[in-house]
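S.K.: So here's input_27.cif (mmCIF, C-alpha atoms and all ligand atoms).
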```cif
data_start
#
loop_
_atom_site.label_atom_id
_atom_site.label_comp_id
_atom_site.auth_asym_id
_atom_site.auth_seq_id
_atom_site.Cartn_x
_atom_site.Cartn_y
_atom_site.Cartn_z
CA MET A 29 9.82 16.68 10.83
CA ASP A 30 12.41 14.81 12.88
CA TYR A 31 13.49 11.43 11.65
CA LYS A 32 13.92 8.48 13.99
CA ILE A 33 15.81 5.22 13.53
CA THR A 34 13.54 2.24 14.13
CA LYS A 35 14.55 -1.17 15.48
CA ASP A 36 15.41 -2.68 12.07
CA GLY A 37 17.63 0.31 11.20
CA SER A 38 15.15 1.88 8.75
CA LYS A 39 14.19 5.50 9.31
CA THR A 40 10.78 6.95 9.99
CA LEU A 41 9.40 10.37 10.94
CA PHE A 42 7.69 11.77 14.01
CA SER A 43 4.54 13.76 13.25
CA GLN A 44 3.95 16.73 15.58
CA LYS A 45 0.41 17.04 14.23
CA TYR A 46 -0.56 13.49 15.20
CA ASN A 47 1.97 13.24 18.05
CA GLN A 48 3.24 9.84 16.90
CA THR A 49 5.78 8.19 14.65
CA PHE A 50 4.80 7.05 11.15
CA HIS A 51 5.87 3.49 12.04
CA SER A 52 6.28 1.30 15.08
CA MET A 53 9.70 2.00 16.61
CA GLN A 54 9.80 -1.54 18.09
CA ASP A 55 8.93 -3.35 14.85
CA GLY A 56 10.89 -1.20 12.40
CA ALA A 57 9.52 0.77 9.47
CA LEU A 58 10.51 -1.69 6.74
CA SER A 59 9.72 -4.77 8.86
CA GLU A 60 6.29 -3.41 9.70
CA ALA A 61 5.50 -2.76 6.04
CA LEU A 62 6.68 -6.24 5.03
CA HIS A 63 5.28 -8.30 7.89
CA LYS A 64 1.99 -6.60 8.68
CA HIS A 65 0.95 -5.65 5.16
CA ILE A 66 2.92 -6.86 2.15
CA LEU A 67 3.71 -10.51 2.95
CA PRO A 68 0.29 -11.50 4.33
CA ALA A 69 -1.55 -9.71 1.52
CA LEU A 70 0.58 -11.00 -1.35
CA SER A 71 0.63 -14.55 -0.04
CA ILE A 72 -3.16 -14.62 -0.25
CA PHE A 73 -2.86 -13.57 -3.91
CA ASP A 74 0.07 -15.83 -4.78
CA ASN A 75 -1.29 -16.71 -8.24
CA ALA A 76 -2.51 -13.27 -9.26
CA LYS A 77 -1.26 -11.68 -12.46
CA GLU A 78 -2.45 -8.15 -11.73
CA LEU A 79 -3.49 -6.42 -8.51
CA ASN A 80 -4.99 -3.08 -7.55
CA ILE A 81 -3.66 -1.88 -4.19
CA LEU A 82 -5.02 1.02 -2.16
CA ASP A 83 -2.34 2.34 0.20
CA ILE A 84 -3.95 4.34 3.05
CA CYS A 85 -2.10 6.70 3.22
CA PHE A 86 1.15 7.28 1.34
CA GLY A 87 3.23 9.01 4.07
CA LEU A 88 6.80 7.86 3.45
CA GLY A 89 5.52 5.23 1.04
CA TYR A 90 7.05 2.19 2.76
CA ASN A 91 4.07 -0.03 1.90
CA THR A 92 4.02 0.83 -1.80
CA LEU A 93 7.82 0.87 -2.13
CA GLY A 94 8.18 -2.29 -0.03
CA THR A 95 5.71 -4.09 -2.29
CA ILE A 96 7.77 -3.18 -5.36
CA TYR A 97 10.98 -4.19 -3.56
CA HIS A 98 9.45 -7.57 -2.62
CA ILE A 99 8.16 -8.25 -6.15
CA LEU A 100 11.48 -7.35 -7.83
CA LYS A 101 13.58 -9.24 -5.28
CA ASN A 102 11.54 -12.41 -5.76
CA ASN A 103 11.15 -12.04 -9.55
CA LEU A 104 7.38 -12.26 -9.25
CA THR A 105 5.55 -11.88 -12.54
CA ILE A 106 2.78 -9.60 -11.44
CA LYS A 107 1.55 -6.17 -12.42
CA VAL A 108 0.46 -3.83 -9.64
CA ASN A 109 -1.52 -0.61 -9.82
CA PHE A 110 -1.18 1.46 -6.65
CA PHE A 111 -3.61 4.16 -5.55
CA SER A 112 -2.57 6.24 -2.58
CA PRO A 113 -4.06 9.40 -1.08
CA GLU A 114 -1.98 11.73 1.08
CA PHE A 115 -2.84 15.08 2.69
CA ASP A 116 0.71 16.31 3.02
CA GLU A 117 2.11 17.39 -0.34
CA SER A 118 5.30 18.87 1.12
CA LEU A 119 6.06 15.50 2.73
CA VAL A 120 5.81 13.72 -0.63
CA ASP A 121 7.92 16.47 -2.25
CA SER A 122 10.63 15.85 0.35
CA LEU A 123 10.87 12.09 -0.21
CA LYS A 124 13.52 12.40 -2.92
CA ASP A 125 15.93 13.33 -0.09
CA PHE A 126 14.64 10.87 2.52
CA GLU A 127 17.19 8.27 3.62
CA TYR A 128 15.44 5.00 2.87
CA PRO A 129 16.98 1.61 3.79
CA ASN A 130 19.48 0.06 1.35
CA GLU A 131 16.77 -2.37 0.22
CA PHE A 132 15.27 0.54 -1.75
CA ASP A 133 18.51 1.50 -3.54
CA SER A 134 17.41 -0.12 -6.80
CA ILE A 135 14.13 1.82 -6.84
CA LYS A 136 15.56 5.29 -6.19
CA ASP A 137 14.38 6.46 -9.63
CA ILE A 138 10.81 5.50 -8.74
CA ILE A 139 11.03 7.45 -5.47
CA ARG A 140 12.40 10.51 -7.28
CA GLU A 141 9.63 10.47 -9.89
CA LEU A 142 6.96 10.05 -7.23
CA ALA A 143 8.30 12.99 -5.24
CA ILE A 144 8.29 15.21 -8.33
CA TYR A 145 5.23 14.04 -10.32
CA LYS A 146 3.20 12.08 -7.72
CA TYR A 147 2.98 9.51 -10.50
CA TYR A 148 5.07 6.65 -11.83
CA LYS A 149 4.56 4.09 -14.55
CA ASP A 150 6.58 1.30 -16.14
CA ASP A 151 5.67 -2.11 -17.60
CA ASN A 152 4.89 -3.63 -14.19
CA PHE A 153 3.91 -0.84 -11.86
CA GLU A 154 1.68 2.20 -11.99
CA ILE A 155 1.52 4.44 -8.92
CA LYS A 156 -0.92 7.31 -8.48
CA ILE A 157 -0.57 9.54 -5.43
CA PHE A 158 -3.57 11.78 -4.82
CA ILE A 159 -2.90 14.92 -2.80
CA GLY A 160 -6.03 15.48 -0.74
CA ASP A 161 -8.46 13.81 1.63
CA ALA A 162 -8.60 10.02 1.51
CA ARG A 163 -12.30 10.08 2.43
CA ASP A 164 -13.13 11.86 -0.84
CA TYR A 165 -10.62 9.98 -2.96
CA ILE A 166 -11.74 6.44 -2.11
CA LYS A 167 -15.28 7.08 -3.38
CA ASN A 168 -13.98 7.21 -6.97
CA LEU A 169 -12.08 3.92 -6.94
CA LYS A 170 -13.18 0.41 -7.92
CA ASN A 171 -11.89 -3.19 -8.08
CA ILE A 172 -9.44 -2.83 -5.22
CA ASP A 173 -7.88 -6.19 -4.29
CA ILE A 174 -5.74 -5.10 -1.34
CA VAL A 175 -6.06 -2.22 1.11
CA TYR A 176 -3.05 -1.40 3.25
CA GLN A 177 -4.90 0.29 6.11
CA ASP A 178 -2.05 2.24 7.69
CA ALA A 179 -3.40 5.57 8.95
CA PHE A 180 -2.27 7.09 12.24
CA SER A 181 -4.02 5.62 15.27
CA SER A 182 -7.76 6.05 15.65
CA ASP A 183 -7.54 8.45 18.60
CA THR A 184 -6.00 11.15 16.37
CA ASN A 185 -6.87 10.02 12.83
CA LYS A 186 -10.39 8.74 13.51
CA GLU A 187 -11.88 9.60 10.11
CA LEU A 188 -9.93 6.70 8.61
CA TRP A 189 -11.18 4.04 11.05
CA THR A 190 -14.96 4.47 11.30
CA LYS A 191 -17.76 2.19 10.09
CA GLU A 192 -18.78 4.89 7.58
CA TYR A 193 -15.23 5.00 6.19
CA PHE A 194 -15.11 1.19 5.96
CA TYR A 195 -18.52 1.22 4.27
CA ASP A 196 -17.01 3.29 1.47
CA ILE A 197 -14.01 0.95 1.40
CA SER A 198 -16.26 -2.15 1.24
CA LYS A 199 -18.00 -0.72 -1.84
CA ILE A 200 -14.81 -0.42 -3.88
CA LEU A 201 -13.43 -3.91 -3.20
CA SER A 202 -13.09 -6.56 -5.89
CA THR A 203 -14.96 -9.85 -5.32
CA LYS A 204 -11.98 -11.31 -3.43
CA ALA A 205 -10.27 -8.59 -1.43
CA VAL A 206 -8.11 -8.20 1.65
CA ILE A 207 -7.54 -5.37 4.10
CA THR A 208 -4.40 -5.49 6.23
CA THR A 209 -3.90 -3.32 9.31
CA TYR A 210 -1.67 -3.07 12.35
CA SER A 211 -4.72 -2.22 14.48
CA ILE A 212 -6.10 -4.97 16.71
CA ALA A 213 -8.50 -2.63 18.52
CA THR A 214 -12.01 -4.03 18.99
CA PRO A 215 -13.80 -0.78 17.86
CA VAL A 216 -11.83 -0.93 14.59
CA ARG A 217 -12.57 -4.62 14.09
CA MET A 218 -16.26 -3.91 14.84
CA ALA A 219 -16.26 -1.13 12.21
CA LEU A 220 -14.93 -3.64 9.65
CA PHE A 221 -17.26 -6.42 10.81
CA GLU A 222 -20.36 -4.22 10.55
CA ASN A 223 -19.57 -3.90 6.85
CA ASN A 224 -19.87 -7.67 6.35
CA LEU A 225 -16.16 -8.34 6.40
CA PHE A 226 -14.59 -11.46 7.95
CA ILE A 227 -12.09 -10.65 10.69
CA TYR A 228 -8.86 -12.57 11.27
CA GLU A 229 -5.93 -12.15 13.59
CA TYR A 230 -2.56 -12.53 11.90
CA GLN A 231 0.62 -13.45 13.74
CA SER A 232 3.71 -12.62 11.68
CA ILE A 233 7.26 -13.78 12.29
CA ILE A 234 7.99 -10.47 14.01
CA LYS A 235 5.62 -11.79 16.69
CA LYS A 236 3.23 -8.91 16.60
CA ARG A 237 -0.47 -9.49 16.16
CA SER A 238 -2.29 -7.59 13.42
CA THR A 239 -5.65 -7.76 11.66
CA ILE A 240 -6.68 -9.06 8.27
CA ALA A 241 -10.23 -8.41 7.03
CA THR A 242 -11.60 -10.08 3.93
CA ASN A 243 -14.83 -10.04 1.94
CA PHE A 244 -14.56 -13.81 1.37
CA GLU A 245 -14.10 -16.75 3.70
CA PHE A 246 -10.50 -17.61 3.95
CA ASN A 247 -9.33 -21.24 3.93
CA LYS A 248 -5.56 -21.15 4.26
CA ILE A 249 -5.71 -20.53 7.95
CA GLU A 250 -3.21 -23.14 9.21
CA ASN A 251 -0.44 -22.24 6.80
CA MET A 252 -0.49 -18.57 7.47
CA ASN A 253 -0.83 -18.14 11.23
CA ILE A 254 -4.27 -16.69 10.75
CA LYS A 255 -6.99 -17.12 13.33
CA TYR A 256 -10.67 -16.39 12.66
CA ILE A 257 -12.19 -13.94 15.14
CA ASP A 258 -15.85 -14.55 15.91
CA MET A 259 -17.06 -10.96 16.24
CA ASP A 260 -20.68 -12.02 16.96
CA LYS A 261 -19.40 -13.89 20.02
CA LYS A 262 -17.19 -10.94 20.99
CA LYS A 263 -20.23 -8.67 20.84
CA LEU A 264 -22.25 -11.02 23.06
CA ASN A 265 -19.47 -11.34 25.62
CA SER A 266 -18.64 -7.67 25.64
CA PRO A 267 -21.54 -5.25 25.22
CA ASN A 268 -18.94 -2.46 25.02
CA ALA A 269 -17.64 -3.82 21.71
CA ILE A 270 -18.88 -0.83 19.71
CA SER A 271 -17.61 0.27 16.33
CA LEU A 272 -16.02 3.66 15.76
CA SER A 273 -18.42 5.98 13.97
CA ASP A 274 -18.23 9.41 12.34
CA LYS A 275 -21.01 10.36 14.74
CA SER A 276 -19.42 9.16 18.01
C1 LIG A 301 0.90 6.48 9.69
S1 LIG A 301 1.20 7.54 8.34
C2 LIG A 301 1.34 6.50 6.94
C3 LIG A 301 2.49 5.58 7.00
C4 LIG A 301 2.87 5.13 5.62
N1 LIG A 301 2.35 3.83 5.33
C5 LIG A 301 4.38 5.17 5.49
O1 LIG A 301 4.99 4.21 5.06
O2 LIG A 301 4.94 6.18 5.84
C6 LIG A 301 -0.39 8.23 7.99
C7 LIG A 301 -0.40 9.19 6.82
O3 LIG A 301 -1.76 9.50 6.54
C8 LIG A 301 -1.87 10.86 6.17
N2 LIG A 301 -3.29 11.19 6.41
C9 LIG A 301 -3.96 11.17 7.60
N3 LIG A 301 -5.26 11.40 7.42
C10 LIG A 301 -5.45 11.59 6.08
C11 LIG A 301 -6.59 11.82 5.26
N4 LIG A 301 -7.82 11.95 5.79
N5 LIG A 301 -6.40 11.93 3.92
C12 LIG A 301 -5.17 11.82 3.37
N6 LIG A 301 -4.05 11.57 4.10
C13 LIG A 301 -4.18 11.45 5.44
C14 LIG A 301 -0.87 11.56 7.05
O4 LIG A 301 -0.50 12.82 6.48
C15 LIG A 301 0.28 10.53 7.07
O5 LIG A 301 1.20 10.78 6.06
#
```
Show this structure as structure tokens.

M.R.:
Amino acid sequence: MDYKITKDGSKTLFSQKYNQTFHSMQDGALSEALHKHILPALSIFDNAKELNILDICFGLGYNTLGTIYHILKNNLTIKVNFFSPEFDESLVDSLKDFEYPNEFDSIKDIIRELAIYKYYKDDNFEIKIFIGDARDYIKNLKNIDIVYQDAFSSDTNKELWTKEYFYDISKILSTKAVITTYSIATPVRMALFENNLFIYEYQSIIKKRSTIATNFEFNKIENMNIKYIDMDKKKLNSPNAISLSDKS
């Protein structure tokens, strides 16, 4: 696969299979991981001592690795258990040679171990990469606090955006859980909403809108540039607001 240099200087890949880059070229691979997933999710859990994070899907691992980078850089005392499915074993094998941004220099050993063993553990972090289909894998998880929903776009990677997929996700969430995603598409938000999740629009400092879905009502709205989206109203105003489905 050909690598590409994104706007923040970090590298990503172009997938021929899905005909798209793994990250937004305009936002930057590392910036996207930090500003659409890691920072909003971790700020909601700012007092947590231990978190279970489901990273959909591993790809180049920016979301998992960026979370570790952020925690170490800010000396946060938190344990994180990562669970991440990925179809493409040869991609994960190749990550020991991938040129990550300098921010990941101090975690090169973690990257190497993940590429070789698909597993890493130390006192603060445990990472399990599952080689196979995410749809099967998620059914065996439980107590997930954060889902980084970062599949390819729904036109080519639909199985990871449907209401049936999000039903399985909703069943494995802890009592207070958050899903972060770059997608702001109404059919995706409807698929989340139809599984009794609250939908919010998040505006990060990189000025791109993204979506946060939660299974609890969120009350820090002003501080975090988060706006509640009334999906019932959206449905009334737009009869075409239909969720993605395995059957459609
Ligand atoms: C947009 S990329 C992930 C980006 C990732 N967060 C990163 O930092 O590189 C989507 C990834 O999902 C994987 N994938 C797509 N559908 C899958 C499925 N059903 N099960 C497992 N992996 C899947 C692809 O192989 C690809 O690596």

S.K.: Could you work out an axis-aligned box for ligand LIG 301 (chain A), taking every atom the file lists and adding 6 Å on each side, and report centre and edge lengths in Å to one decimal, as lines of an AutoDock Vina configuration file?

M.R.:
```
center_x = -1.4
center_y = 8.3
center_z = 6.5
size_x = 24.8
size_y = 21.0
size_z = 18.3
```

S.K.: Kindly give the distance, in Å, that separates atom C2 of ligand LIG 301 (chain A) and CA of Ile155 in chain A, rounded to a single decimal.

M.R.: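 Value for the atom C2 of ligand LIG 301 (chain A)-CA of Ile155 in chain A distance: 16.0 Å.
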
S.K.: Within 8 Å of ligand LIG 301 (chain A), counting only C-alpha atoms and all ligand atoms, which protein or nucleic acid residues do you find, written as a ChimeraX atom specification?

M.R.: /A:40-41,49-51,57,61,83-92,113-116,119,159-163,176,178-181,185,187-188

S.K.: If we count only C-alpha atoms, what is near Asn247 in chain A at a cut-off of 12 Å, once residues fewer than 4 positions away on the same chain are taken out, given as a list in words?

M.R.: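 The filter keeps Ile72, Phe226, Tyr228, Thr242, Asn251, Met252, Asn253, Ile254, Lys255 and Tyr256 of chain A.
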
S.K.: Using all atoms listed in the file, which protein or nucleic acid residues come within 12 Å of Ile96 in chain A? Drop anything in the same chain fewer than 2 positions from it, and give the result as a ChimeraX atom specification.

M.R.: /A:61-62,66-67,70,81,89-94,98-110,131-136,138-139,150,152-155

S.K.: I'd like the contact shell of Glu192 in chain A - 12 Å cut-off, all atoms listed in the file, skipping same-chain residues fewer than 3 positions apart - returned as a list in words.

M.R.: Arg163, Lys167, Lys186, Glu187, Leu188, Trp189, Tyr195, Asp196, Ile197, Ser198, Lys199, Val216, Met218, Ala219, Leu220, Phe221, Glu222, Asn223, Ser271, Leu272, Ser273, Asp274, Lys275 and Ser276 of chain A

S.K.: Rounded to one decimal in Å, what is the spacing between CA of Lys124 in chain A and CA of Asp137 in chain A?

M.R.: 9.0 Å

S.K.: Quick one: of A:Phe244, A:Tyr147, A:Val206, A:Tyr193, who's nearest to Asp164 in chain A, counting all atoms listed in the file?

M.R.: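 Checking each of A:Phe244, A:Tyr147, A:Val206, A:Tyr193 against Asp164 in chain A, counting all atoms listed in the file, the winner is A:Tyr193.
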
S.K.: When you draw a straight line from CA of Phe126 in chain A to CA of Gly56 in chain A, how long is it in Å?

M.R.: 16.0 Å

S.K.: Of the residues A:Gly37, A:Ile212, A:Asn171, A:Asp30, which is the one nearest to Arg237 in chain A, using only C-alpha atoms?

M.R.: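 Checking each of A:Gly37, A:Ile212, A:Asn171, A:Asp30 against Arg237 in chain A, counting only C-alpha atoms, the winner is A:Ile212.
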
S.K.: Determine, counting only C-alpha atoms, which protein, DNA and RNA residues have an atom within 12 Å of an atom of Ser266 in chain A; residues of the same chain fewer than 4 positions away are not included. Present the result as a list in words.

M.R.: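 Those residues are Thr214, Pro215, Met218, Met259, Asp260, Lys261, Lys262 and Ile270 of chain A.
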
S.K.: Using all atoms listed in the file, which protein or nucleic acid residues come within 8 Å of Thr208 in chain A? Drop anything in the same chain fewer than 6 positions from it, and give the result as a PyMOL selection string.

M.R.: chain A and resi 64-65+68-69+174-177+238-241

S.K.: Hey, which of A:Ile144, A:Leu225, A:Leu82, A:Leu264 ends up closest to Phe194 in chain A? Count all atoms listed in the file.

M.R.: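 For Phe194 in chain A, the nearest of the candidates is A:Leu225.
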
S.K.: With distances taken over only C-alpha atoms, which of A:Leu79, A:Ile234, A:Ile157, A:Ile33 is nearest to Ser202 in chain A?

M.R.: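 Comparing A:Leu79, A:Ile234, A:Ile157, A:Ile33 against Ser202 in chain A, the winner is A:Leu79.
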
S.K.: Using only C-alpha atoms, which of A:Lys204, A:Lys191, A:Lys263, A:His63 sits nearest Tyr230 in chain A?

M.R.: A:His63
